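model02.cif follows; it contains mmCIF, C-alpha atoms.
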```
data_coords
#
loop_
_atom_site.label_atom_id
_atom_site.label_comp_id
_atom_site.auth_asym_id
_atom_site.auth_seq_id
_atom_site.Cartn_x
_atom_site.Cartn_y
_atom_site.Cartn_z
CA MET B 34 0.00 0.00 0.00
CA ALA B 35 1.28 3.43 -0.87
CA GLN B 36 2.15 5.82 1.92
CA ARG B 37 0.00 8.94 2.32
CA ARG B 38 1.79 11.91 0.81
CA GLU B 39 2.87 14.24 3.61
CA CYS B 40 2.21 17.33 1.55
CA PHE B 41 -0.43 17.00 -1.14
CA THR B 42 -0.01 19.27 -4.13
CA ARG B 43 -3.00 19.55 -6.38
CA ALA B 44 -2.30 18.73 -10.01
CA ARG B 45 -3.09 21.67 -12.26
CA ARG B 46 -1.42 21.17 -15.62
CA PRO B 47 -3.01 18.62 -17.99
CA ASP B 48 -0.01 16.29 -17.72
CA GLU B 49 -0.11 16.50 -13.93
CA ILE B 50 -3.84 15.74 -13.87
CA ALA B 51 -3.32 12.78 -16.23
CA GLN B 52 -0.53 11.46 -14.03
CA ARG B 53 -2.65 11.73 -10.87
CA GLN B 54 -5.55 9.98 -12.59
CA GLU B 55 -3.19 7.24 -13.71
CA GLU B 56 -2.00 6.74 -10.13
CA ILE B 57 -5.58 6.43 -8.89
CA VAL B 58 -6.59 4.00 -11.65
CA ALA B 59 -3.47 1.89 -11.02
CA ALA B 60 -4.27 1.77 -7.31
CA ALA B 61 -7.83 0.65 -7.98
CA ALA B 62 -6.65 -1.98 -10.48
CA THR B 63 -4.24 -3.39 -7.90
CA LEU B 64 -7.03 -3.70 -5.33
CA LEU B 65 -9.35 -5.24 -7.91
CA ASP B 66 -6.77 -7.89 -8.77
CA GLN B 67 -6.50 -8.73 -5.08
CA GLY B 68 -10.14 -8.83 -4.01
CA GLU B 69 -13.82 -8.54 -4.77
CA LEU B 70 -15.21 -5.42 -6.42
CA ASP B 71 -17.97 -4.90 -3.86
CA ARG B 72 -15.43 -4.78 -1.03
CA ILE B 73 -13.33 -2.00 -2.55
CA SER B 74 -14.31 1.42 -1.25
CA LEU B 75 -13.19 4.83 -2.39
CA ASN B 76 -11.35 5.13 0.92
CA ALA B 77 -9.39 1.97 0.13
CA ILE B 78 -8.48 3.27 -3.32
CA ALA B 79 -7.34 6.57 -1.83
CA ARG B 80 -5.15 4.79 0.72
CA GLN B 81 -3.65 2.56 -1.97
CA ALA B 82 -2.84 5.64 -4.05
CA GLY B 83 -1.41 7.47 -1.06
CA LEU B 84 -4.06 10.20 -1.21
CA ALA B 85 -6.85 11.53 0.93
CA LYS B 86 -10.37 10.60 -0.15
CA SER B 87 -11.13 14.26 -0.79
CA ALA B 88 -8.17 14.42 -3.18
CA VAL B 89 -9.50 11.49 -5.23
CA TYR B 90 -12.75 13.38 -5.77
CA ARG B 91 -10.79 16.06 -7.61
CA TYR B 92 -10.08 13.59 -10.40
CA PHE B 93 -12.99 11.10 -10.34
CA GLU B 94 -16.56 11.68 -9.27
CA SER B 95 -17.01 8.21 -7.74
CA ARG B 96 -15.38 4.81 -7.33
CA GLU B 97 -17.63 3.57 -10.14
CA ALA B 98 -16.07 6.12 -12.49
CA ILE B 99 -12.64 4.75 -11.61
CA PHE B 100 -13.66 1.16 -12.30
CA LEU B 101 -15.32 2.25 -15.53
CA LYS B 102 -11.97 3.68 -16.63
CA ILE B 103 -10.29 0.35 -15.84
CA LEU B 104 -12.93 -1.48 -17.88
CA GLU B 105 -12.41 0.90 -20.78
CA ARG B 106 -8.66 0.26 -20.78
CA ASP B 107 -9.09 -3.50 -20.40
CA TRP B 108 -11.52 -3.45 -23.30
CA GLN B 109 -8.99 -1.62 -25.46
CA GLN B 110 -6.33 -4.22 -24.65
CA TRP B 111 -8.80 -7.05 -25.26
CA LEU B 112 -9.67 -5.59 -28.67
CA THR B 113 -6.01 -5.30 -29.65
CA GLU B 114 -5.53 -8.97 -28.87
CA VAL B 115 -8.76 -9.97 -30.62
CA GLU B 116 -7.70 -8.15 -33.79
CA ALA B 117 -4.33 -9.94 -33.70
CA ALA B 118 -6.00 -13.32 -33.11
CA LEU B 119 -8.49 -12.83 -35.95
CA ALA B 120 -6.04 -11.43 -38.50
CA PRO B 121 -4.80 -14.89 -39.65
CA LEU B 122 -8.45 -15.93 -40.15
CA ALA B 123 -9.26 -13.19 -42.66
CA GLY B 124 -11.66 -14.47 -45.31
CA SER B 125 -11.88 -17.92 -43.73
CA ASP B 126 -15.59 -17.93 -42.90
CA ASP B 127 -14.66 -20.46 -40.19
CA PRO B 128 -17.03 -20.03 -37.22
CA GLU B 129 -15.23 -22.56 -35.02
CA ALA B 130 -11.85 -20.87 -35.47
CA VAL B 131 -13.32 -17.43 -34.81
CA ALA B 132 -15.17 -18.63 -31.69
CA THR B 133 -12.01 -20.32 -30.42
CA ALA B 134 -9.96 -17.15 -30.92
CA LEU B 135 -12.54 -14.99 -29.13
CA THR B 136 -12.76 -17.48 -26.27
CA ARG B 137 -9.00 -17.70 -25.82
CA VAL B 138 -8.56 -13.94 -25.63
CA THR B 139 -11.56 -13.47 -23.34
CA ARG B 140 -10.43 -16.25 -21.01
CA ASP B 141 -7.09 -14.49 -20.62
CA HIS B 142 -8.80 -11.31 -19.37
CA PRO B 143 -10.53 -12.31 -16.12
CA ARG B 144 -10.62 -8.77 -14.77
CA LEU B 145 -12.44 -7.62 -17.90
CA CYS B 146 -14.97 -10.41 -17.45
CA ARG B 147 -15.52 -9.47 -13.81
CA LEU B 148 -16.11 -5.83 -14.70
CA VAL B 149 -18.43 -6.67 -17.60
CA SER B 150 -20.42 -8.84 -15.18
CA ALA B 151 -20.86 -5.82 -12.90
CA LEU B 152 -21.37 -3.21 -15.61
CA SER B 153 -25.10 -2.54 -15.43
CA SER B 154 -25.64 -3.40 -11.77
CA VAL B 155 -22.63 -1.61 -10.24
CA LEU B 156 -20.33 0.28 -12.60
CA GLU B 157 -23.02 2.30 -14.35
CA GLN B 158 -24.52 3.50 -11.07
CA ASN B 159 -23.59 6.68 -9.21
CA LEU B 160 -22.36 8.40 -12.37
CA SER B 161 -23.09 11.70 -14.06
CA GLU B 162 -24.55 11.80 -17.54
CA ASP B 163 -21.27 13.16 -18.92
CA VAL B 164 -19.25 10.22 -17.60
CA VAL B 165 -21.77 7.69 -18.94
CA LEU B 166 -21.84 9.44 -22.32
CA ALA B 167 -18.05 9.41 -22.63
CA PHE B 168 -17.92 5.71 -21.74
CA LYS B 169 -20.69 4.78 -24.17
CA GLN B 170 -19.03 6.74 -26.99
CA GLU B 171 -15.73 4.95 -26.37
CA SER B 172 -17.56 1.62 -26.16
CA LEU B 173 -19.23 2.30 -29.49
CA THR B 174 -15.85 2.97 -31.10
CA LEU B 175 -14.39 -0.24 -29.67
CA ALA B 176 -17.45 -2.25 -30.68
CA THR B 177 -17.20 -0.95 -34.24
CA HIS B 178 -13.56 -2.02 -34.46
CA MET B 179 -14.47 -5.43 -33.06
CA MET B 180 -17.24 -5.91 -35.61
CA GLU B 181 -14.89 -4.88 -38.41
CA ALA B 182 -12.38 -7.52 -37.30
CA LEU B 183 -15.13 -10.14 -37.15
CA HIS B 184 -16.38 -9.17 -40.60
CA GLN B 185 -12.89 -9.59 -42.02
CA ALA B 186 -12.76 -13.14 -40.66
CA LEU B 187 -16.35 -14.00 -41.61
CA PRO B 188 -17.07 -11.86 -44.69
CA SER B 189 -20.22 -13.84 -45.55
CA ILE B 190 -21.88 -12.13 -42.58
CA ALA B 191 -22.75 -8.56 -43.52
CA MET B 192 -21.26 -5.75 -41.48
CA ASN B 193 -24.69 -4.47 -40.46
CA GLN B 194 -25.51 -7.85 -38.90
CA TRP B 195 -22.68 -7.96 -36.40
CA GLN B 196 -24.53 -5.90 -33.80
CA ASP B 197 -26.84 -8.89 -33.40
CA PHE B 198 -23.78 -10.88 -32.36
CA ALA B 199 -21.87 -8.32 -30.30
CA ASN B 200 -24.58 -7.50 -27.75
CA PRO B 201 -25.46 -11.14 -26.92
CA ALA B 202 -21.75 -12.00 -26.70
CA ILE B 203 -21.23 -9.32 -24.06
CA ALA B 204 -24.36 -10.48 -22.25
CA LEU B 205 -22.99 -14.03 -22.33
CA ILE B 206 -19.82 -12.91 -20.57
CA ALA B 207 -21.86 -10.99 -17.99
CA GLY B 208 -23.99 -14.04 -17.18
CA LEU B 209 -21.63 -16.97 -17.65
CA TRP B 210 -18.54 -15.59 -15.91
CA PRO B 211 -20.07 -15.22 -12.40
CA LEU B 212 -21.85 -18.58 -12.75
CA SER B 213 -18.58 -20.31 -13.54
CA HIS B 214 -16.63 -18.36 -10.88
CA PRO B 215 -18.89 -18.51 -7.79
CA SER B 216 -18.04 -17.70 -4.20
CA GLU B 217 -16.16 -20.26 -2.12
CA THR B 218 -19.35 -21.34 -0.35
CA VAL B 219 -21.24 -21.87 -3.61
CA ARG B 220 -18.23 -23.67 -5.08
CA LYS B 221 -18.22 -26.17 -2.20
CA VAL B 222 -21.93 -26.85 -2.58
CA MET B 223 -21.70 -27.23 -6.36
CA ALA B 224 -18.85 -29.73 -5.92
CA ARG B 225 -21.40 -32.32 -4.72
CA PRO B 226 -21.95 -35.12 -7.28
CA GLU B 227 -25.64 -34.36 -7.79
CA PHE B 228 -24.76 -30.86 -9.04
CA ALA B 229 -22.09 -32.00 -11.49
CA PRO B 230 -24.27 -31.39 -14.60
CA PHE B 231 -24.85 -27.80 -13.50
CA GLN B 232 -21.23 -26.77 -13.04
CA PRO B 233 -20.60 -24.39 -15.95
CA ASP B 234 -17.21 -24.34 -17.61
CA PHE B 235 -16.71 -20.82 -18.96
CA GLU B 236 -14.28 -21.64 -21.74
CA HIS B 237 -16.22 -24.63 -23.08
CA GLN B 238 -19.66 -23.06 -22.94
CA PHE B 239 -18.55 -19.66 -24.19
CA ARG B 240 -16.83 -21.19 -27.23
CA ARG B 241 -19.72 -23.54 -27.97
CA THR B 242 -22.36 -20.81 -27.71
CA LEU B 243 -20.39 -18.45 -29.95
CA THR B 244 -19.82 -21.21 -32.49
CA LEU B 245 -23.52 -22.04 -32.67
CA ALA B 246 -24.42 -18.36 -33.02
CA LEU B 247 -21.91 -17.81 -35.82
CA ARG B 248 -23.03 -20.95 -37.65
CA GLY B 249 -26.61 -19.74 -37.45
CA MET B 250 -25.68 -16.35 -38.87
CA LEU B 251 -23.87 -18.00 -41.77
CA VAL B 252 -26.91 -20.16 -42.52
CA GLU B 253 -29.16 -17.10 -42.44
CA ASN B 254 -26.92 -15.57 -45.07
CA GLY B 255 -27.37 -18.52 -47.40
CA ASN B 256 -24.23 -20.46 -46.57
CA ALA B 257 -24.39 -24.17 -46.01
CA GLU B 258 -23.77 -25.07 -42.38
CA PRO B 259 -20.04 -25.87 -41.93
#
```
As C-alpha cells, what does this structure read like?
Amino acid sequence: MAQRRECFTRARRPDEIAQRQEEIVAAAATLLDQGELDRISLNAIARQAGLAKSAVYRYFESREAIFLKILERDWQQWLTEVEAALAPLAGSDDPEAVATALTRVTRDHPRLCRLVSALSSVLEQNLSEDVVLAFKQESLTLATHMMEALHQALPSIAMNQWQDFANPAIALIAGLWPLSHPSETVRKVMARPEFAPFQPDFEHQFRRTLTLALRGMLVENGNAEP
C-alpha cells in the first residue's frame, strides 16, 4: 500500500492531472486484482494511491467512475488482442476458429470479465450523464472495431448484422462468468456429485455458444452449415 503523501499538491497542468488519474486507476486496479469489487471502497483506493479521499474526488466523481476507466482500458487491450488473433483468419468464414480465438482472448482477461459482469448493476450506477456518455461513446468505437475484425474473418456475414452478435456475446460474458466463478461457499456446494451437470465451464460453454451463433448467422446468409 502506498504511503500517504505528507504534503499534497493539487495537479493543475493537464499532464499533472493525467498522471494523478493514472495513479488512482493503477491503485484501484491493484485492489481489484486482489479482491472482490464490492469490497473496494473509495477510501481503500485513496489509501492505496497514497491520497486523501477528498483528493481522489478532484479527479474522479465516484469509485464507479474509476472502475469504468479500468474497464475501458481493459476493453482496449482485449480488442487489440482480438484483432491480432483474428487477422490470420481473414476471409476464412470459419465459425469454429473465430469462436475459439474470441474465447481464448476473453479467457485471458478475467478482470475484464468481472467488470463486464458488474457493468449494469454496479459500474453504471452513481455516475453523471457526462461520464456515462463518454464511456458509451468509447464503447461504441471499440465495438465498431471489433465488428470490423469479425467481418474480415467472416465476410459472408454482412457488417450491419454484427450488432446482433456483439450485444449477446457481451451479455454471455456478464452471465456466464459469475456462474462459472462462484463464491467459495457456492463452489463447495456445487462440488457435490448431484450438481455436477450444472457446473458451468466458462471456456467450453462460451466457445460452444459463440460457435452455434456464428453458424446460425452463416446459414441465415445462405451459406451451407459448416
Practice item. Name the residues in contact with range 140-147 of chain B at a cut-off of 7 Å, using only C-alpha atoms, excluding same-chain residues fewer than 3 positions from it; report them as a PyMOL selection string. Key: chain B and resi 104+107-108+136-137+150-151+206-207+210+236
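Proximity to Ala132 in chain B was assessed for B:Ile50, B:Ala82, B:Leu187, B:Ala224 counting only C-alpha atoms; the smallest distance is recorded for B:Leu187.
The space separating CA of Glu97 in chain B from CA of Thr63 in chain B comes to 15.3 Å.
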Check your understanding: Applied to this file, what does the PyMOL selection byres ((chain B and resi 109) around 12) return in terms of residues, put as a ChimeraX atom specification?
Key -> /B:102-108,110-116,142,145,171-176,178-179
Kindly provide, as a PDB file with C-alpha atoms, in the coordinates of the input, the polymer residues lying within 7 Å of (-21.5, -18.4, -45.5), counting all atoms listed in the file and using the coordinates exactly as they appear in the file.
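See selection08.pdb below for the written result:
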```pdb
ATOM      1  CA  ASP B 126     -15.590 -17.930 -42.900  1.00  0.00           C
ATOM      2  CA  SER B 189     -20.220 -13.840 -45.550  1.00  0.00           C
ATOM      3  CA  ILE B 190     -21.880 -12.130 -42.580  1.00  0.00           C
ATOM      4  CA  LEU B 251     -23.870 -18.000 -41.770  1.00  0.00           C
ATOM      5  CA  VAL B 252     -26.910 -20.160 -42.520  1.00  0.00           C
ATOM      6  CA  ASN B 254     -26.920 -15.570 -45.070  1.00  0.00           C
ATOM      7  CA  GLY B 255     -27.370 -18.520 -47.400  1.00  0.00           C
ATOM      8  CA  ASN B 256     -24.230 -20.460 -46.570  1.00  0.00           C
ATOM      9  CA  ALA B 257     -24.390 -24.170 -46.010  1.00  0.00           C
TER      10      ALA B 257
END
```
Check your understanding: In Å, how far is it from CA of Ser95 in chain B to CA of Gln170 in chain B?
Key -> 19.4 Å
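Note that CA of Ala61 in chain B and CA of Ile78 in chain B are 5.4 Å apart.
Using only C-alpha atoms, the nearest neighbour of Leu101 in chain B within the list B:Ala130, B:Leu122, B:Leu148, B:Val89 is B:Leu148.
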As AutoDock Vina command-line options: centre and edge lengths in Å, one decimal, of the axis-aligned box holding range 83-101 of chain B with 4 Å per side:
```
--center_x -9.5 --center_y 8.6 --center_z -7.3 --size_x 24.2 --size_y 22.9 --size_z 24.5
```
Check your understanding: Mind listing as a PyMOL selection string all residues within 10 Å of (-7.9, -14.4, -40.2), counting all atoms listed in the file?
Key -> chain B and resi 116-127+130-131+134+182-187
Check your understanding: the PyMOL selection byres ((chain B and resi 244) around 8) on the file shown: which residues, as number ranges by chain?
Key -> B: 128-129, 131-132, 240-243, 245-248
Pull C-alpha atoms from the residues just selected and write them as a PDB file, keeping the file's coordinate frame.
```pdb
ATOM      1  CA  PRO B 128     -17.030 -20.030 -37.220  1.00  0.00           C
ATOM      2  CA  GLU B 129     -15.230 -22.560 -35.020  1.00  0.00           C
ATOM      3  CA  VAL B 131     -13.320 -17.430 -34.810  1.00  0.00           C
ATOM      4  CA  ALA B 132     -15.170 -18.630 -31.690  1.00  0.00           C
ATOM      5  CA  ARG B 240     -16.830 -21.190 -27.230  1.00  0.00           C
ATOM      6  CA  ARG B 241     -19.720 -23.540 -27.970  1.00  0.00           C
ATOM      7  CA  THR B 242     -22.360 -20.810 -27.710  1.00  0.00           C
ATOM      8  CA  LEU B 243     -20.390 -18.450 -29.950  1.00  0.00           C
ATOM      9  CA  LEU B 245     -23.520 -22.040 -32.670  1.00  0.00           C
ATOM     10  CA  ALA B 246     -24.420 -18.360 -33.020  1.00  0.00           C
ATOM     11  CA  LEU B 247     -21.910 -17.810 -35.820  1.00  0.00           C
ATOM     12  CA  ARG B 248     -23.030 -20.950 -37.650  1.00  0.00           C
TER      13      ARG B 248
END
```
Can you list, as a PDB file with C-alpha atoms, keeping the file's coordinate frame, every protein, DNA or RNA residue that comes within 12 Å of Asp163 in chain B when you count only C-alpha atoms, leaving out same-chain residues fewer than 6 positions away?
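So the final result, stored in part.pdb, reads:
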```
ATOM      1  CA  GLU B  94     -16.560  11.680  -9.270  1.00  0.00           C
ATOM      2  CA  ALA B  98     -16.070   6.120 -12.490  1.00  0.00           C
ATOM      3  CA  GLU B 157     -23.020   2.300 -14.350  1.00  0.00           C
ATOM      4  CA  LYS B 169     -20.690   4.780 -24.170  1.00  0.00           C
ATOM      5  CA  GLN B 170     -19.030   6.740 -26.990  1.00  0.00           C
TER       6      GLN B 170
END
```
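Using all atoms listed in the file, the smallest distance between any of B:Ser87, B:Ser153, B:Asn159, B:Thr177 and Gly208 in chain B comes from B:Ser153.
For the residues B:Glu162, B:Glu56, B:Asp197, B:Glu181, ranking by smallest atom-to-atom distance to Met250 in chain B using only C-alpha atoms places B:Asp197 first.
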Practice item. Just the residues within 10 Å of His214 in chain B, please, counting only C-alpha atoms, with nothing from its chain fewer than 3 positions along; format it as a PyMOL selection string. Key: chain B and resi 147+209-211+217+219-220+232-235
